[in-house]
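Structure file protein_27.cif with mmCIF, C-alpha atoms:
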data_protein
#
loop_
_atom_site.label_atom_id
_atom_site.label_comp_id
_atom_site.auth_asym_id
_atom_site.auth_seq_id
_atom_site.Cartn_x
_atom_site.Cartn_y
_atom_site.Cartn_z
CA MET A 1 37.74 55.99 -49.17
CA GLY A 2 39.66 57.96 -46.55
CA PRO A 3 42.40 56.69 -44.24
CA ALA A 4 39.93 56.19 -41.37
CA GLY A 5 37.68 54.01 -43.51
CA GLY A 6 40.64 52.00 -44.76
CA ARG A 7 41.91 51.41 -41.23
CA SER A 8 38.46 50.32 -40.03
CA ARG A 9 38.29 47.82 -42.90
CA PHE A 10 41.75 46.65 -41.95
CA TYR A 11 40.68 45.90 -38.37
CA VAL A 12 37.52 44.15 -39.57
CA GLY A 13 39.66 41.87 -41.72
CA LEU A 14 42.03 41.33 -38.79
CA GLY A 15 39.19 40.31 -36.46
CA LEU A 16 37.76 37.91 -39.01
CA ALA A 17 41.19 36.36 -39.54
CA LEU A 18 41.62 35.79 -35.79
CA ALA A 19 38.17 34.17 -35.52
CA SER A 20 38.98 32.01 -38.51
CA SER A 21 42.16 30.72 -36.86
CA ALA A 22 40.27 29.74 -33.71
CA PHE A 23 37.62 27.75 -35.61
CA ILE A 24 40.07 26.07 -37.97
CA GLY A 25 42.39 25.08 -35.12
CA GLY A 26 39.49 23.43 -33.31
CA SER A 27 38.34 21.67 -36.47
CA PHE A 28 41.60 19.68 -36.66
CA ILE A 29 40.93 18.24 -33.22
CA LEU A 30 37.34 17.26 -33.97
CA LYS A 31 38.31 15.61 -37.25
CA LYS A 32 41.19 13.72 -35.65
CA LYS A 33 38.96 12.43 -32.83
CA GLY A 34 36.44 11.24 -35.40
CA LEU A 35 39.14 9.44 -37.38
CA LEU A 36 40.50 7.83 -34.20
CA ARG A 37 37.04 6.55 -33.30
CA LEU A 38 36.73 4.95 -36.73
CA CYS A 39 40.15 3.37 -36.31
CA ARG A 40 39.15 1.82 -32.98
CA CYS A 41 35.99 0.43 -34.60
CA GLY A 42 38.02 -1.23 -37.36
CA ARG A 43 36.50 0.80 -40.18
CA ALA A 44 38.33 1.57 -43.43
CA ARG A 45 40.80 4.38 -42.78
CA ALA A 46 41.00 7.53 -44.86
CA GLY A 47 44.72 6.97 -45.38
CA ARG A 48 43.87 3.70 -47.13
CA GLY A 49 41.28 5.28 -49.40
CA GLY A 50 38.25 4.68 -47.16
CA HIS A 51 35.44 7.20 -46.70
CA ALA A 52 33.83 5.82 -43.53
CA TYR A 53 34.47 9.18 -41.87
CA LEU A 54 31.42 10.48 -43.72
CA GLN A 55 29.31 8.51 -41.21
CA GLU A 56 31.06 9.94 -38.14
CA TRP A 57 29.35 12.93 -36.51
CA LEU A 58 32.59 14.20 -34.94
CA TRP A 59 34.13 14.48 -38.37
CA TRP A 60 31.09 16.42 -39.58
CA ALA A 61 31.34 18.68 -36.53
CA GLY A 62 34.97 19.33 -37.44
CA LEU A 63 33.96 20.02 -41.02
CA LEU A 64 31.30 22.45 -39.85
CA CYS A 65 33.81 24.17 -37.59
CA MET A 66 36.25 24.40 -40.47
CA GLY A 67 33.46 25.74 -42.69
CA VAL A 68 32.77 28.54 -40.22
CA GLY A 69 36.48 29.29 -40.04
CA GLU A 70 36.84 29.30 -43.80
CA ALA A 71 33.80 31.56 -44.12
CA ALA A 72 35.40 34.03 -41.71
CA ASN A 73 38.63 33.66 -43.64
CA PHE A 74 36.72 34.25 -46.87
CA ALA A 75 35.30 37.48 -45.51
CA ALA A 76 38.69 38.53 -44.15
CA TYR A 77 40.22 38.44 -47.64
CA ALA A 78 37.55 40.88 -48.79
CA PHE A 79 38.63 43.43 -46.16
CA ALA A 80 42.37 42.87 -45.72
CA PRO A 81 45.29 41.89 -47.98
CA ALA A 82 46.33 38.26 -48.29
CA THR A 83 49.78 39.14 -46.94
CA LEU A 84 48.12 39.81 -43.58
CA VAL A 85 45.30 37.27 -43.50
CA THR A 86 47.21 34.14 -44.47
CA PRO A 87 50.14 34.32 -41.99
CA LEU A 88 47.69 34.76 -39.12
CA GLY A 89 46.81 31.12 -39.71
CA ALA A 90 49.67 30.44 -37.26
CA LEU A 91 47.15 31.02 -34.50
CA SER A 92 45.25 27.96 -35.71
CA VAL A 93 48.45 26.00 -35.11
CA LEU A 94 48.57 27.28 -31.54
CA VAL A 95 44.93 26.42 -30.94
CA SER A 96 45.44 22.97 -32.43
CA ALA A 97 48.59 22.32 -30.37
CA VAL A 98 46.97 23.34 -27.08
CA LEU A 99 43.76 21.43 -27.74
CA SER A 100 45.60 18.32 -28.96
CA SER A 101 47.59 18.20 -25.72
CA THR A 102 44.31 18.41 -23.80
CA PHE A 103 41.92 16.21 -25.78
CA LEU A 104 44.23 13.93 -27.80
CA ASN A 105 46.91 13.36 -25.11
CA GLU A 106 49.61 14.66 -27.43
CA GLN A 107 52.62 16.21 -25.74
CA LEU A 108 53.27 19.93 -25.63
CA ASN A 109 56.68 20.26 -23.99
CA VAL A 110 58.80 23.30 -23.22
CA HIS A 111 59.97 23.56 -26.83
CA GLY A 112 56.38 23.58 -28.02
CA LYS A 113 55.43 26.32 -25.58
CA ILE A 114 58.38 28.43 -26.71
CA GLY A 115 57.32 27.81 -30.30
CA CYS A 116 53.81 29.01 -29.50
CA ILE A 117 55.19 32.21 -28.01
CA LEU A 118 57.43 32.82 -31.03
CA SER A 119 54.50 32.26 -33.38
CA MET A 120 52.41 34.79 -31.51
CA LEU A 121 55.24 37.34 -31.57
CA GLY A 122 55.81 36.76 -35.28
CA SER A 123 52.11 37.19 -36.00
CA THR A 124 52.10 40.47 -34.08
CA VAL A 125 55.07 41.75 -36.08
CA MET A 126 53.37 40.82 -39.34
CA VAL A 127 50.18 42.62 -38.31
CA ILE A 128 52.17 45.76 -37.57
CA HIS A 129 54.06 45.75 -40.87
CA ALA A 130 51.46 44.27 -43.23
CA PRO A 131 50.06 46.45 -46.06
CA GLN A 132 46.75 48.07 -45.14
CA GLU A 133 45.45 48.82 -48.62
CA GLU A 134 44.08 46.49 -51.28
CA GLU A 135 45.53 46.30 -54.74
CA VAL A 136 42.45 44.78 -56.45
CA SER A 137 39.06 46.40 -55.88
CA SER A 138 36.89 45.24 -58.81
CA LEU A 139 36.28 42.18 -60.97
CA GLU A 140 37.63 44.01 -63.99
CA SER A 141 40.98 44.57 -62.31
CA MET A 142 40.88 40.98 -61.03
CA ALA A 143 40.44 39.72 -64.59
CA GLU A 144 43.44 41.76 -65.70
CA LYS A 145 45.51 40.28 -62.88
CA LEU A 146 44.54 36.73 -63.85
CA LYS A 147 45.77 37.35 -67.40
CA ASP A 148 49.22 38.30 -66.16
CA PRO A 149 51.89 35.96 -67.66
CA GLY A 150 53.61 35.61 -64.29
CA PHE A 151 50.47 34.27 -62.63
CA ILE A 152 49.73 31.94 -65.56
CA VAL A 153 53.20 30.39 -65.24
CA PHE A 154 52.73 30.07 -61.46
CA ALA A 155 49.33 28.38 -61.86
CA VAL A 156 50.67 25.93 -64.44
CA CYS A 157 53.58 25.02 -62.15
CA VAL A 158 51.18 24.45 -59.24
CA LEU A 159 48.89 22.21 -61.29
CA VAL A 160 51.74 20.15 -62.78
CA SER A 161 53.48 19.67 -59.43
CA SER A 162 50.18 18.70 -57.76
CA LEU A 163 49.46 16.09 -60.43
CA LEU A 164 52.94 14.63 -60.02
CA LEU A 165 52.51 14.46 -56.25
CA ILE A 166 49.08 12.82 -56.52
CA PHE A 167 49.78 10.21 -59.21
CA VAL A 168 53.54 9.60 -58.92
CA ALA A 169 54.77 10.41 -55.41
CA GLY A 170 51.52 9.61 -53.58
CA PRO A 171 51.34 5.85 -54.24
CA ARG A 172 55.06 5.43 -53.41
CA TYR A 173 55.73 7.77 -50.51
CA GLY A 174 52.33 8.98 -49.28
CA GLN A 175 52.26 6.51 -46.36
CA SER A 176 55.75 7.36 -45.11
CA ASN A 177 56.41 11.02 -45.97
CA VAL A 178 54.14 13.70 -44.57
CA LEU A 179 55.23 16.24 -47.19
CA VAL A 180 53.49 14.44 -50.06
CA TYR A 181 49.83 14.97 -49.14
CA VAL A 182 50.48 18.23 -47.27
CA SER A 183 52.25 19.69 -50.29
CA VAL A 184 49.21 18.93 -52.44
CA CYS A 185 46.95 20.76 -49.97
CA SER A 186 49.31 23.73 -49.79
CA ALA A 187 49.85 24.12 -53.53
CA ILE A 188 46.15 23.85 -54.38
CA GLY A 189 45.34 26.07 -51.42
CA SER A 190 47.33 28.94 -52.91
CA LEU A 191 44.97 28.91 -55.89
CA SER A 192 41.90 28.65 -53.66
CA VAL A 193 42.98 31.83 -51.84
CA SER A 194 43.08 33.66 -55.17
CA CYS A 195 39.56 32.41 -55.91
CA VAL A 196 38.38 33.50 -52.47
CA LYS A 197 39.85 36.95 -52.97
CA GLY A 198 38.06 37.33 -56.30
CA LEU A 199 34.73 36.06 -54.93
CA GLY A 200 35.01 38.43 -51.99
CA ILE A 201 35.39 41.33 -54.41
CA ALA A 202 32.41 40.01 -56.41
CA LEU A 203 30.23 39.88 -53.28
CA LYS A 204 31.14 43.45 -52.38
CA GLU A 205 30.15 44.60 -55.85
CA LEU A 206 26.95 42.56 -55.65
CA PHE A 207 25.94 44.24 -52.40
CA SER A 208 26.71 47.63 -53.93
CA GLY A 209 24.17 46.98 -56.72
CA LYS A 210 26.41 46.02 -59.64
CA PRO A 211 25.26 43.22 -62.03
CA VAL A 212 27.91 40.76 -60.89
CA LEU A 213 25.80 37.65 -61.57
CA LYS A 214 26.06 38.33 -65.30
CA GLU A 215 29.86 38.25 -65.16
CA PRO A 216 31.27 34.81 -66.10
CA LEU A 217 34.42 35.40 -64.06
CA GLY A 218 32.54 35.11 -60.77
CA TRP A 219 31.09 31.72 -61.70
CA VAL A 220 34.45 30.46 -62.94
CA LEU A 221 36.06 31.45 -59.65
CA LEU A 222 33.28 29.69 -57.72
CA VAL A 223 33.73 26.41 -59.64
CA CYS A 224 37.51 26.57 -59.21
CA LEU A 225 37.10 27.22 -55.50
CA VAL A 226 34.84 24.18 -55.02
CA ILE A 227 37.32 21.95 -56.87
CA CYS A 228 40.29 23.27 -54.89
CA ILE A 229 38.57 22.90 -51.53
CA SER A 230 37.48 19.34 -52.39
CA ILE A 231 41.07 18.37 -53.19
CA GLN A 232 42.34 20.03 -50.02
CA ILE A 233 39.82 18.24 -47.79
CA ASN A 234 40.55 14.84 -49.34
CA TYR A 235 44.32 14.96 -49.00
CA LEU A 236 44.27 16.73 -45.66
CA ASN A 237 42.13 13.87 -44.30
CA LYS A 238 44.68 11.38 -45.59
CA ALA A 239 47.54 13.25 -43.95
CA LEU A 240 45.69 13.55 -40.62
CA ASP A 241 44.80 9.87 -40.66
CA ILE A 242 48.37 8.71 -41.24
CA PHE A 243 50.43 11.20 -39.25
CA ASN A 244 50.23 12.98 -35.92
CA THR A 245 48.18 16.18 -35.72
CA SER A 246 51.12 18.06 -34.21
CA VAL A 247 53.11 17.10 -37.33
CA VAL A 248 50.52 17.81 -40.02
CA THR A 249 49.28 21.15 -38.73
CA PRO A 250 52.62 23.04 -38.51
CA ILE A 251 53.97 21.73 -41.80
CA TYR A 252 50.70 22.50 -43.53
CA TYR A 253 50.78 26.03 -42.17
CA VAL A 254 54.35 26.73 -43.28
CA LEU A 255 53.91 25.33 -46.80
CA PHE A 256 50.46 26.82 -47.27
CA THR A 257 51.50 30.28 -46.08
CA THR A 258 54.61 30.26 -48.23
CA ALA A 259 52.60 29.27 -51.31
CA VAL A 260 49.94 31.92 -50.63
CA MET A 261 52.51 34.66 -50.09
CA MET A 262 54.17 33.72 -53.38
CA CYS A 263 50.82 33.74 -55.15
CA SER A 264 49.88 37.06 -53.57
CA ALA A 265 53.20 38.62 -54.58
CA ILE A 266 52.73 37.45 -58.18
CA LEU A 267 49.00 38.07 -58.62
CA PHE A 268 48.12 41.06 -56.44
CA LYS A 269 51.59 42.64 -56.27
CA GLU A 270 50.91 43.93 -52.77
CA TRP A 271 54.62 43.96 -51.99
CA GLN A 272 55.24 46.69 -54.56
CA HIS A 273 53.33 49.17 -52.39
CA MET A 274 55.26 48.41 -49.20
CA VAL A 275 58.22 50.44 -48.00
CA LEU A 276 61.49 48.71 -47.14
CA ASP A 277 60.86 48.75 -43.38
CA ASN A 278 57.52 47.00 -43.76
CA ILE A 279 58.97 44.43 -46.15
CA ILE A 280 61.75 43.61 -43.69
CA GLY A 281 59.27 43.52 -40.81
CA THR A 282 56.90 41.21 -42.70
CA ILE A 283 59.67 38.82 -43.68
CA SER A 284 61.11 38.87 -40.15
CA GLY A 285 57.70 38.16 -38.67
CA PHE A 286 57.17 35.26 -41.03
CA VAL A 287 60.61 33.81 -40.25
CA THR A 288 59.84 34.12 -36.54
CA ILE A 289 56.57 32.25 -37.06
CA VAL A 290 58.34 29.53 -39.03
CA SER A 291 60.95 29.22 -36.24
CA GLY A 292 58.19 28.84 -33.68
CA ILE A 293 56.40 26.27 -35.80
CA PHE A 294 59.68 24.38 -36.21
CA LEU A 295 60.19 24.25 -32.45
CA LEU A 296 56.61 23.14 -32.01
CA HIS A 297 57.07 20.33 -34.52
CA ALA A 298 60.68 19.15 -34.50
CA PHE A 299 61.07 18.72 -30.72
CA ARG A 300 57.57 17.58 -29.84
CA ASP A 301 58.81 14.23 -28.43
CA VAL A 302 62.05 15.45 -26.86
CA PRO A 303 61.89 15.81 -23.05
CA PHE A 304 63.58 18.89 -21.64
CA THR A 305 66.36 17.65 -19.32
CA ARG A 306 69.63 19.03 -17.99
CA ASN A 307 71.57 17.05 -20.60
CA LEU A 308 70.06 19.24 -23.34
CA LEU A 309 71.69 22.36 -21.87
CA PRO A 310 74.99 23.65 -23.30
CA LEU A 311 78.15 22.28 -21.69
CA PHE A 312 79.05 25.53 -19.94
CA LEU A 313 75.62 25.64 -18.31
CA GLN A 314 75.89 22.01 -17.28
CA GLN A 315 79.35 22.72 -15.78
CA GLY A 316 77.95 25.77 -14.00
CA ARG A 317 75.12 23.74 -12.52
CA THR A 318 77.60 21.03 -11.43
CA ASP A 319 79.87 23.58 -9.73
CA LEU A 320 76.85 25.15 -8.07
CA HIS A 321 75.65 21.82 -6.70
CA ALA A 322 79.19 21.03 -5.50
CA SER A 323 79.44 24.35 -3.68
CA TRP A 324 76.06 23.72 -2.08
CA ARG A 325 77.21 20.29 -0.87
CA ARG A 326 80.42 21.77 0.58
CA ALA A 327 78.40 24.45 2.34
CA ASP A 328 76.08 21.82 3.78
CA ARG A 329 79.00 19.75 5.06
CA HIS A 330 80.61 22.81 6.59
CA GLN A 331 77.36 23.77 8.28
CA SER A 332 76.86 20.24 9.65
CA CYS A 333 80.41 20.22 11.05
CA GLN A 334 79.57 23.25 13.18
CA HIS A 335 77.03 21.18 15.11
CA GLN A 336 79.44 18.27 15.81
CA PRO A 337 81.61 17.94 18.99
CA LEU A 338 84.84 19.91 19.04
CA LEU A 339 87.00 16.83 19.69
CA PRO A 340 85.37 13.98 17.83
CA SER A 341 88.54 11.88 17.75
CA GLU A 342 88.98 11.95 21.55
CA ASP A 343 85.34 11.03 22.05
CA LYS A 344 85.67 8.15 19.65
CA GLY A 345 88.87 7.04 21.33
CA SER A 346 87.39 7.13 24.85
CA GLN A 347 84.29 5.35 23.61
CA SER A 348 86.36 2.55 22.06
CA THR A 349 88.44 2.23 25.31
CA GLU A 350 85.30 1.85 27.39
CA GLU A 351 83.98 -0.84 25.01
CA GLU A 352 87.29 -2.78 25.30
CA GLU A 353 87.19 -2.64 29.13
CA GLU A 354 83.65 -3.91 29.17
CA GLY A 355 84.69 -6.76 26.89
CA GLU A 356 87.60 -7.81 29.19
CA GLY A 357 85.33 -7.71 32.26
CA MET A 358 82.95 -10.13 30.59
#

Written as structure tokens, how would this file's structure read?
Amino acid sequence: MGPAGGRSRFYVGLGLALASSAFIGGSFILKKKGLLRLCRCGRARAGRGGHAYLQEWLWWAGLLCMGVGEAANFAAYAFAPATLVTPLGALSVLVSAVLSSTFLNEQLNVHGKIGCILSMLGSTVMVIHAPQEEEVSSLESMAEKLKDPGFIVFAVCVLVSSLLLIFVAGPRYGQSNVLVYVSVCSAIGSLSVSCVKGLGIALKELFSGKPVLKEPLGWVLLVCLVICISIQINYLNKALDIFNTSVVTPIYYVLFTTAVMMCSAILFKEWQHMVLDNIIGTISGFVTIVSGIFLLHAFRDVPFTRNLLPLFLQQGRTDLHASWRRADRHQSCQHQPLLPSEDKGSQSTEEEEEGEGM
């Protein structure tokens, strides 16, 4: 395939990734509104192990919206590298933050707006410097990648850490620490992205006429994907039910993106085909996104007042206000009588004379 065909595939994957972010960002709002309605009705909450949300149509609407977003994301991985597709999930954070301030009455202050801008800039930088060629193009090469010792060690570490978080840390700290359930979603999500990448390659081969249905690897990837998505949905619902949406969404993005980029670097080795400038640009873009997400999350409840400014700016503002007050007093003096003391003296003398006459 020539450079023009590769670039067109790149832009198709980019468009699908952007659409995916919009749908997934909206799905968080719909799910949260459904969970809030259940809470007001006194139903068993998802954070306490309840599954009453299965009877709430808003939750199903959010799930459908997320399904559309994940489908677009699924297709995006078939056209573009994971190093590009996954970090663009920051746009879902922006969509979720803006919609939550509108429909959930959650604050989006100046820090949050600056964080949104930084996330958009970081995403743009990553798009510019991301690799535009795929490393894996067939199921045979995918099978060879899955047998790599580095990926096997990574997968074992993910599974062991997830089991520890679910059965050890979850019962103790799941209700008070947002990182517990979100870390489970992020770690398992890195494996689901690998499954999605492999299934996307299988679908392309299927449409090209190859006997993919006879390959056991495709079915194994499908089963693993269903299991991973089920775990992600369960623990993401628990995190959303317990904690604020503006907390869950940014942390989930940062941890999930970091895990996926690690998995992509180990499994697909896309970074080996990038020049130094693109590697630095990609890392810088990701750090910029993380900085924006941090501003969006860490200062969500902090009002922006003059006391938050540095001391030299506060002193400058104080001196400026003082100079303005002096200028106002000087200007008001120009409209007063030239001899105010004499006027006051004559006025007081007249009042004394009137008092003696009475």

Distance query segment 189-203 of chain A at most 8 Å, all atoms listed in the file, self and fewer than 3 positions along chain excluded, as a list in words:
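After dropping sequence-adjacent residues, the list is Phe74, Ala75, Tyr77, Ala78, Ser137, Ser138, Leu139, Met142, Ala155, Cys185, Ser186, Leu206, Phe207, Val212, Gly218, Leu221, Leu222, Cys224, Leu225, Cys228, Ile229, Gln232, Phe256, Ala259, Val260, Cys263 and Ser264 of chain A.
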
Dump as a compact mmCIF listing (two decimals), in the coordinates of the input, selection limited to C-alpha atoms:
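Saved result, out_1.txt, follows:
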# COMPACT_ATOMS: atom_id res chain seq x y z
CA PHE A 74 36.72 34.25 -46.87
CA ALA A 75 35.30 37.48 -45.51
CA TYR A 77 40.22 38.44 -47.64
CA ALA A 78 37.55 40.88 -48.79
CA SER A 137 39.06 46.40 -55.88
CA SER A 138 36.89 45.24 -58.81
CA LEU A 139 36.28 42.18 -60.97
CA MET A 142 40.88 40.98 -61.03
CA ALA A 155 49.33 28.38 -61.86
CA CYS A 185 46.95 20.76 -49.97
CA SER A 186 49.31 23.73 -49.79
CA LEU A 206 26.95 42.56 -55.65
CA PHE A 207 25.94 44.24 -52.40
CA VAL A 212 27.91 40.76 -60.89
CA GLY A 218 32.54 35.11 -60.77
CA LEU A 221 36.06 31.45 -59.65
CA LEU A 222 33.28 29.69 -57.72
CA CYS A 224 37.51 26.57 -59.21
CA LEU A 225 37.10 27.22 -55.50
CA CYS A 228 40.29 23.27 -54.89
CA ILE A 229 38.57 22.90 -51.53
CA GLN A 232 42.34 20.03 -50.02
CA PHE A 256 50.46 26.82 -47.27
CA ALA A 259 52.60 29.27 -51.31
CA VAL A 260 49.94 31.92 -50.63
CA CYS A 263 50.82 33.74 -55.15
CA SER A 264 49.88 37.06 -53.57

Please measure the separation of atom CA of Glu140 of chain A and atom CA of Gly209 of chain A, giving the value in Å to one decimal.
15.6 Å

Apply the PyMOL selection byres ((chain A and resi 20) around 12) to the file shown and report the selected residues as a ChimeraX atom specification.
/A:13-19,21-27,65-77,85-93,95

Length of the atom CA of Ala82 of chain A to atom CA of Gly170 of chain A vector [Å]
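Between atom CA of Ala82 of chain A and atom CA of Gly170 of chain A the gap is 29.6 Å.
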
In terms of the shortest atom-to-atom distance over only C-alpha atoms, which of A:Leu296, A:Phe154, A:Leu267, A:Arg37 is closest to Asn109 of chain A?
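Using only C-alpha atoms, Asn109 of chain A sits closest to A:Leu296.
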
Rounded to one decimal, what separation in Å do you get between atom CA of Tyr173 of chain A and atom CA of Met261 of chain A?
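For atom CA of Tyr173 of chain A relative to atom CA of Met261 of chain A, the distance reads 27.1 Å.
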
Run the PyMOL selection byres ((chain A and resi 239-252) around 7) mentally over the shown coordinates, then write out the matched residues as an MDAnalysis selection string, using the chain letters and numbers from the document.
chainID A and resid 32 35 46:47 93 97 175 178 181:182 186 235:238 253:256 293 297

Kindly resolve the PyMOL selection byres ((chain A and resi 278) around 9) on the present coordinates and return the residues as a short mmCIF file (atom, residue, chain, number, x, y, z; two decimals) with C-alpha atoms, in the coordinates of the input.
data_model
loop_
_atom_site.label_atom_id
_atom_site.label_comp_id
_atom_site.auth_asym_id
_atom_site.auth_seq_id
_atom_site.Cartn_x
_atom_site.Cartn_y
_atom_site.Cartn_z
CA MET A 126 53.37 40.82 -39.34
CA ILE A 128 52.17 45.76 -37.57
CA HIS A 129 54.06 45.75 -40.87
CA ALA A 130 51.46 44.27 -43.23
CA PRO A 131 50.06 46.45 -46.06
CA MET A 274 55.26 48.41 -49.20
CA VAL A 275 58.22 50.44 -48.00
CA LEU A 276 61.49 48.71 -47.14
CA ASP A 277 60.86 48.75 -43.38
CA ILE A 279 58.97 44.43 -46.15
CA ILE A 280 61.75 43.61 -43.69
CA GLY A 281 59.27 43.52 -40.81
CA THR A 282 56.90 41.21 -42.70
CA ILE A 283 59.67 38.82 -43.68
#

The residue from A:Gly112, A:Pro211, A:Pro216, A:Gly150 with the smallest atom-to-atom distance to Lys269 of chain A, counting all atoms listed in the file, is A:Gly150

Pick the closest to Val158 of chain A from A:Cys41, A:Val226, A:Met262, A:Val98: which is it, counting only C-alpha atoms?
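Result for the nearest residue to Val158 of chain A: A:Met262.
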
Between A:Thr258, A:Phe268, A:Glu215, A:Gln55, single out the one closest to Ser141 of chain A, counting all atoms listed in the file.
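Closest to Ser141 of chain A, using all atoms listed in the file: A:Phe268.
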
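In this comparison, which uses only C-alpha atoms, the residue of A:Trp219, A:Trp271, A:Phe28, A:Phe151 approaching Gly62 of chain A most closely is A:Phe28.
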
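Residues within 8 Å of Leu118 of chain A, counting only C-alpha atoms and excluding same-chain residues fewer than 6 positions away, are Thr288, Ile289, Ser291 and Gly292 of chain A.
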
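When only C-alpha atoms are used to compute distances to Ser123 of chain A, the closest of the residues A:Leu54, A:Val223, A:Leu213, A:Val287 turns out to be A:Val287.
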